[in-house]
Amino acid sequence: MVSSISQRCKKIDQLRAVNGAPPYAPMPNRSLLTPVTLPIIQDANIKNDTRLRIFSGTANPSLSQEIASYLGLELGKINIKRFADGEIYVQLQESVRGCDVFLVQPTCPPANENLMELLIMVDACRRASAKNITAVIPYFGYARADRKSQGRESIAAKLVANMITEAGANRVLICDLHSSQAMGYFDIPVDHVYGQPVILDYLASKTICSNDLVVVSPDVGGVARARAFAKKLSDAPLAIVDKRRHGHNVAEVMNLIGDVRGKVAVMMDDMIDTAGTIAKGAELLHQEGAREVYACCTHAVFSPPAIERLSSGLFQEVIITNTIPLKEDKSFPQLTILSVANLLGETIWRVHDDCSVGHEPYSSLDID
C-alpha cells in the first residue's frame with residue numbers, strides 16, 4: 001500500500017510596487033555584496049596643514065598678525081564693517097566648519113565698540129559650525145568693576161563674562177586680569193597668562209645691579225603681583241605705596257612702606273589708565289631718595305592726561321606691552337613697548353594641541 005504524501009508550500013505574496021517605485025526583493029545578507037568605493041572629492045583650496053584658524057578683530061590687528069606669524073599661519077579672512085548707523089557687520093570669508101578657531105580682540109577703548117565686535121565675531125563662528133571657539137582677549141575691559149565696593153553698583157565684569165559665554169565662546173584666553181578672582185565669573189574654561197615674564201626678560205637684559213633694585217607696588221591691592229615680580233627679579237626687596245582714593249581716577253598718596261633710598265625703584269602694575277596713581281607714587285619715591293624710577297605695566301590704557309604725567313621727567317623709563325595698540329601721538333622718549341605675541345602664540349598652540357600651559361614662562365607667577 002502506497003501512502004500519499006502531501007506537501008504544503010508557503011505562499012509568497014506577489015511583489016508590490018511602493019510609491020510608484022519598481023518592485024524589489026529584500027537582500028538580508030549584505031555581506032555578500034561587493035563593496036563600492038566612492039571617489040573622494042577634494043577641493044584644491046582646502047589646506048591639509050591644520051584645523052587651527054586665527055581671526056583678528058579691528059582692535060589690535062598688528063598683534064594678531066604677530067601671533068599668526070609666530071605660529072606660522074596666515075590670519076583668517078574676515079569682513080568687518082560698520083553700517084551708516086554704527087551697527088557692526090561680520091562675515092567669515094573662509095570655512096571654519098570643524099575647526100579650532102581663535103578670535104584675537106582686546107576690549108580696549110573704545111571698549112563698547114570692541115566688545116560688541118567680539119560678540120558678533122563669536123556668534124558668526126558659532127553659526128558657521130566651528131568646533132571650538134576661543135576668545136583671545138589680551139586686555140579685558142570692565143575688569144575693574146569686579147565687586148560692589150558701594151551700594152547699588154553693578155558688577156560689569158560678571159555681566160561681560162556672561163555675554164561672551166552666551167554668544168557661544170567655548171574658552172577664553174586672557175592676559176593679566178585686574179584681579180584673578182574674575183576668572184570665576186566665566187562658566188567656561190579660562191586660560192590666564194601673565195605679561196610680566198616679557199618685562200622680566202627685558203629688565204634682565206639691562207645693566208642694573210641686583211643689589212640696587214627694589215620693586216614697588218603702587219597700591220596695597222597690587223602687593224601680591226609686586227611680590228611675585230620681585231621674587232622673579234633676583235628676589236629683590238619690596239616696598240608699598242599707601243594711597244587713599246577719593247573717587248574714580250583720583251588718588252592721593254599718603255606714605256611709603258619700605259626703604260628706597262639710593263635704589264632703582266621698579267613700579268609694577270597691571271595697567272596704567274590716567275597715570276595718577278603711578279605718577280604720585282613716583283613723586284613720593286623721589287622724595288624718599290630713590291635714584292631712578294621705572295614704571296612697568298602690561299596694559300597701557302593711557303587716558304588723558306597720562307602722557308603728560310608719564311613724560312614729565314619722573315620716570316627713567318616706562319615699559320609697557322602691546323596688548324593695547326598705542327597711537328603715534330601717545331609716544332614719548334621714555335616709552336618702551338614690548339610684544340606679548342610670542343607669549344600668546346605659544347599659549348594658543350598649547351591649547352590647540354591639548355597641552356598644559358603651566359610651564360614657565362607661560363604659567364602664573366605664583367601669585368597668591
# chains A, B, ... in the order shown; residues from 1 in each chain; ligands from 1
>>> select_by_dssp(residues="segment 37-114 of chain A", states="helix (DSSP H, G or I)", output="list in words")
Pro61, Ser62, Leu63, Ser64, Gln65, Glu66, Ile67, Ala68, Ser69, Tyr70, Leu71, Ala111, Asn112, Glu113 and Asn114 of chain A
>>> residues_around(residues="segment 151-159 of chain A", least_positions_apart="4", cutoff="9 Å", atoms="only C-alpha atoms", output="JSON list (two decimals) with N, CA, C and O atoms, in the first residue's frame")
[["chain", "number", "residue", "atom", "x", "y", "z"],
["A", 140, "PHE", "N", 41.16, 92.73, 28.96],
["A", 140, "PHE", "CA", 39.76, 92.51, 29.27],
["A", 140, "PHE", "C", 39.19, 93.76, 29.90],
["A", 140, "PHE", "O", 39.46, 94.10, 31.05],
["A", 141, "GLY", "N", 38.39, 94.49, 29.12],
["A", 141, "GLY", "CA", 37.75, 95.69, 29.62],
["A", 141, "GLY", "C", 36.69, 95.38, 30.67],
["A", 141, "GLY", "O", 36.20, 94.25, 30.77],
["A", 142, "TYR", "N", 36.33, 96.36, 31.45],
["A", 142, "TYR", "CA", 35.37, 96.25, 32.54],
["A", 142, "TYR", "C", 35.87, 95.37, 33.67],
["A", 142, "TYR", "O", 35.12, 95.01, 34.58],
["A", 143, "ALA", "N", 37.16, 95.00, 33.65],
["A", 143, "ALA", "CA", 37.70, 94.13, 34.70],
["A", 143, "ALA", "C", 37.76, 94.83, 36.05],
["A", 143, "ALA", "O", 37.77, 94.16, 37.09],
["A", 144, "ARG", "N", 37.80, 96.15, 36.07],
["A", 144, "ARG", "CA", 37.88, 96.86, 37.34],
["A", 144, "ARG", "C", 36.56, 96.85, 38.10],
["A", 144, "ARG", "O", 36.54, 97.01, 39.32],
["A", 145, "ALA", "N", 35.47, 96.64, 37.38],
["A", 145, "ALA", "CA", 34.15, 96.55, 38.04],
["A", 145, "ALA", "C", 33.89, 95.10, 38.42],
["A", 145, "ALA", "O", 32.98, 94.45, 37.91],
["A", 146, "ASP", "N", 34.71, 94.58, 39.34],
["A", 146, "ASP", "CA", 34.65, 93.17, 39.68],
["A", 146, "ASP", "C", 34.00, 92.90, 41.04],
["A", 146, "ASP", "O", 33.96, 91.75, 41.48],
["A", 147, "ARG", "N", 33.51, 93.93, 41.70],
["A", 147, "ARG", "CA", 32.87, 93.74, 43.00],
["A", 147, "ARG", "C", 32.04, 94.98, 43.31],
["A", 147, "ARG", "O", 32.13, 95.99, 42.62],
["A", 163, "MET", "N", 28.00, 87.60, 28.78],
["A", 163, "MET", "CA", 27.73, 87.93, 27.38],
["A", 163, "MET", "C", 28.63, 87.11, 26.45],
["A", 163, "MET", "O", 28.18, 86.59, 25.42],
["A", 164, "ILE", "N", 29.90, 87.01, 26.81],
["A", 164, "ILE", "CA", 30.83, 86.25, 25.97],
["A", 164, "ILE", "C", 30.46, 84.78, 25.95],
["A", 164, "ILE", "O", 30.51, 84.11, 24.91],
["A", 182, "ALA", "N", 38.36, 87.21, 39.07],
["A", 182, "ALA", "CA", 37.40, 87.45, 37.99],
["A", 182, "ALA", "C", 37.32, 86.27, 37.03],
["A", 182, "ALA", "O", 36.37, 86.17, 36.26],
["A", 184, "GLY", "N", 36.55, 83.42, 37.89],
["A", 184, "GLY", "CA", 35.38, 82.69, 38.35],
["A", 184, "GLY", "C", 34.08, 83.22, 37.80],
["A", 184, "GLY", "O", 33.04, 82.56, 37.94],
["A", 185, "TYR", "N", 34.10, 84.39, 37.17],
["A", 185, "TYR", "CA", 32.89, 84.93, 36.57],
["A", 185, "TYR", "C", 32.48, 84.18, 35.31],
["A", 185, "TYR", "O", 31.33, 84.23, 34.89],
["A", 186, "PHE", "N", 33.44, 83.48, 34.70],
["A", 186, "PHE", "CA", 33.16, 82.74, 33.48],
["A", 186, "PHE", "C", 32.71, 81.32, 33.83],
["A", 186, "PHE", "O", 33.28, 80.68, 34.72]]
>>> closest_atom_pairs(of="segment 193-228 of chain A", to="segment 279-285 of chain A", cutoff="12 Å", atoms="only C-alpha atoms", output="JSON lines")
{"residue": "A:Val214", "atom": "CA", "partner": "A:Leu285", "partner_atom": "CA", "distance": 11.0}
{"residue": "A:Val215", "atom": "CA", "partner": "A:Leu285", "partner_atom": "CA", "distance": 11.4}
{"residue": "A:Val216", "atom": "CA", "partner": "A:Gly281", "partner_atom": "CA", "distance": 9.0}
{"residue": "A:Ser217", "atom": "CA", "partner": "A:Gly281", "partner_atom": "CA", "distance": 9.0}
{"residue": "A:Pro218", "atom": "CA", "partner": "A:Gly281", "partner_atom": "CA", "distance": 6.2}
{"residue": "A:Asp219", "atom": "CA", "partner": "A:Gly281", "partner_atom": "CA", "distance": 8.8}
>>> closest_residue(among="A:Glu308, A:Asp242, A:Asp212, A:Asp270", to="Ala290 of chain A", atoms="only C-alpha atoms")
A:Asp212
>>> select_by_dssp(residues="segment 68-291 of chain A", states="strand (DSSP E)", output="PyMOL selection string")
chain A and resi 78-82+88-92+100-104+132-137+171-175+190-193+213-217+238-247+250-257+264-272
>>> residues_around(residues="segment 93-107 of chain A", least_positions_apart="3", cutoff="8 Å", atoms="only C-alpha atoms", output="MDAnalysis selection string")
chainID A and resid 51:60 64 76:79 110:112 114:115 118 121:122 125 128:141 323:324 348 352
>>> write_last_selection(atoms="N, CA and C atoms", output="CSV table (one decimal), in the first residue's frame")
chain,number,residue,atom,x,y,z
A,51,ARG,N,43.9,72.3,11.5
A,51,ARG,CA,42.5,72.8,11.7
A,51,ARG,C,42.5,74.0,12.6
A,52,LEU,N,43.6,74.6,12.8
A,52,LEU,CA,43.7,75.8,13.6
A,52,LEU,C,43.5,77.1,12.7
A,53,ARG,N,42.6,77.9,13.2
A,53,ARG,CA,42.3,79.2,12.5
A,53,ARG,C,42.4,80.3,13.5
A,54,ILE,N,43.0,81.4,13.0
A,54,ILE,CA,43.1,82.7,13.8
A,54,ILE,C,42.5,83.8,13.0
A,55,PHE,N,41.6,84.5,13.7
A,55,PHE,CA,41.0,85.7,13.1
A,55,PHE,C,41.2,86.9,14.0
A,56,SER,N,41.3,88.0,13.4
A,56,SER,CA,41.6,89.3,14.1
A,56,SER,C,40.4,90.2,14.0
A,57,GLY,N,40.1,90.9,15.1
A,57,GLY,CA,39.1,92.0,15.0
A,57,GLY,C,39.9,93.2,14.6
A,58,THR,N,39.2,94.3,14.7
A,58,THR,CA,39.8,95.6,14.3
A,58,THR,C,40.5,96.3,15.5
A,59,ALA,N,40.4,95.8,16.7
A,59,ALA,CA,41.0,96.5,17.8
A,59,ALA,C,42.5,96.5,17.8
A,60,ASN,N,43.2,95.4,17.5
A,60,ASN,CA,44.6,95.3,17.5
A,60,ASN,C,45.1,94.3,16.4
A,64,SER,N,47.6,90.7,16.3
A,64,SER,CA,47.1,89.4,15.7
A,64,SER,C,48.0,88.9,14.7
A,76,GLY,N,43.0,84.5,9.3
A,76,GLY,CA,41.8,84.1,8.6
A,76,GLY,C,41.2,85.3,7.9
A,77,LYS,N,40.5,85.1,6.8
A,77,LYS,CA,39.9,86.2,6.1
A,77,LYS,C,38.5,86.5,6.7
A,78,ILE,N,38.3,87.7,7.1
A,78,ILE,CA,37.0,88.1,7.7
A,78,ILE,C,36.7,89.5,7.2
A,79,ASN,N,35.4,89.7,7.1
A,79,ASN,CA,34.9,91.0,6.6
A,79,ASN,C,34.2,91.7,7.8
A,110,PRO,N,37.8,102.1,21.9
A,110,PRO,CA,36.5,102.2,22.5
A,110,PRO,C,36.0,100.9,23.0
A,111,ALA,N,35.8,100.7,24.3
A,111,ALA,CA,35.5,99.4,24.9
A,111,ALA,C,34.2,98.8,24.4
A,112,ASN,N,33.2,99.6,24.3
A,112,ASN,CA,31.9,99.1,23.9
A,112,ASN,C,31.9,98.6,22.5
A,114,ASN,N,34.5,97.6,20.7
A,114,ASN,CA,35.3,96.4,20.5
A,114,ASN,C,34.7,95.2,21.2
A,115,LEU,N,34.0,95.4,22.3
A,115,LEU,CA,33.3,94.3,23.0
A,115,LEU,C,32.2,93.7,22.1
A,118,LEU,N,33.5,91.7,19.2
A,118,LEU,CA,34.0,90.4,19.6
A,118,LEU,C,32.8,89.5,19.8
A,121,MET,N,31.6,88.5,16.3
A,121,MET,CA,32.6,87.5,15.7
A,121,MET,C,32.4,86.1,16.3
A,122,VAL,N,32.2,86.0,17.6
A,122,VAL,CA,31.9,84.7,18.2
A,122,VAL,C,30.6,84.1,17.7
A,125,CYS,N,31.1,82.7,14.1
A,125,CYS,CA,31.9,81.4,14.1
A,125,CYS,C,31.0,80.3,14.6
A,128,ALA,N,28.7,79.3,11.9
A,128,ALA,CA,29.5,78.7,10.8
A,128,ALA,C,30.0,77.3,11.2
A,129,SER,N,29.5,76.7,12.3
A,129,SER,CA,29.8,75.3,12.8
A,129,SER,C,31.3,75.1,13.1
A,130,ALA,N,31.9,76.1,13.8
A,130,ALA,CA,33.2,75.9,14.3
A,130,ALA,C,33.2,74.9,15.4
A,131,LYS,N,34.2,74.1,15.5
A,131,LYS,CA,34.2,73.1,16.5
A,131,LYS,C,34.5,73.7,17.9
A,132,ASN,N,35.5,74.5,18.0
A,132,ASN,CA,35.8,75.2,19.3
A,132,ASN,C,36.1,76.7,19.0
A,133,ILE,N,35.6,77.5,19.9
A,133,ILE,CA,35.8,79.0,19.7
A,133,ILE,C,36.4,79.5,20.9
A,134,THR,N,37.6,80.1,20.8
A,134,THR,CA,38.3,80.7,21.9
A,134,THR,C,38.5,82.2,21.7
A,135,ALA,N,38.0,82.9,22.7
A,135,ALA,CA,38.1,84.4,22.6
A,135,ALA,C,39.4,84.8,23.3
A,136,VAL,N,40.3,85.2,22.4
A,136,VAL,CA,41.7,85.7,22.9
A,136,VAL,C,41.5,87.2,23.2
A,137,ILE,N,41.5,87.5,24.5
A,137,ILE,CA,41.3,88.9,24.9
A,137,ILE,C,42.6,89.4,25.7
A,138,PRO,N,43.5,90.0,24.9
A,138,PRO,CA,44.7,90.4,25.6
A,138,PRO,C,44.5,91.4,26.7
A,139,TYR,N,43.5,92.3,26.5
A,139,TYR,CA,43.1,93.2,27.5
A,139,TYR,C,41.6,93.1,27.7
A,140,PHE,N,41.2,92.7,29.0
A,140,PHE,CA,39.8,92.5,29.3
A,140,PHE,C,39.2,93.8,29.9
A,141,GLY,N,38.4,94.5,29.1
A,141,GLY,CA,37.7,95.7,29.6
A,141,GLY,C,36.7,95.4,30.7
A,323,THR,N,49.5,94.8,24.4
A,323,THR,CA,48.1,94.2,24.5
A,323,THR,C,47.1,95.2,24.0
A,324,ILE,N,47.4,96.5,24.2
A,324,ILE,CA,46.6,97.6,23.7
A,324,ILE,C,47.4,98.4,22.6
A,348,ILE,N,48.3,79.8,22.7
A,348,ILE,CA,47.3,79.3,21.7
A,348,ILE,C,47.7,77.9,21.2
A,352,HIS,N,45.5,74.5,21.6
A,352,HIS,CA,45.0,73.8,20.4
A,352,HIS,C,45.5,72.4,20.4
>>> atom_distance(atom1="atom CA of Glu117 of chain A", atom2="atom CA of Gly86 of chain A")
11.3 Å
>>> closest_residue(among="A:Ile120, A:Val260, A:Ile80, A:Ala341", to="Arg291 of chain A", atoms="only C-alpha atoms")
A:Val260
>>> closest_residue(among="A:Ser331, A:Ser311, A:Gln196, A:Asn322", to="Cys296 of chain A", atoms="only C-alpha atoms")
A:Gln196
>>> closest_residue(among="A:Asp201, A:Ala124, A:Leu256, A:Asp235", to="Val220 of chain A", atoms="only C-alpha atoms")
A:Leu256
>>> atom_distance(atom1="atom CA of Gly276 of chain A", atom2="atom CA of Ala204 of chain A")
27.4 Å
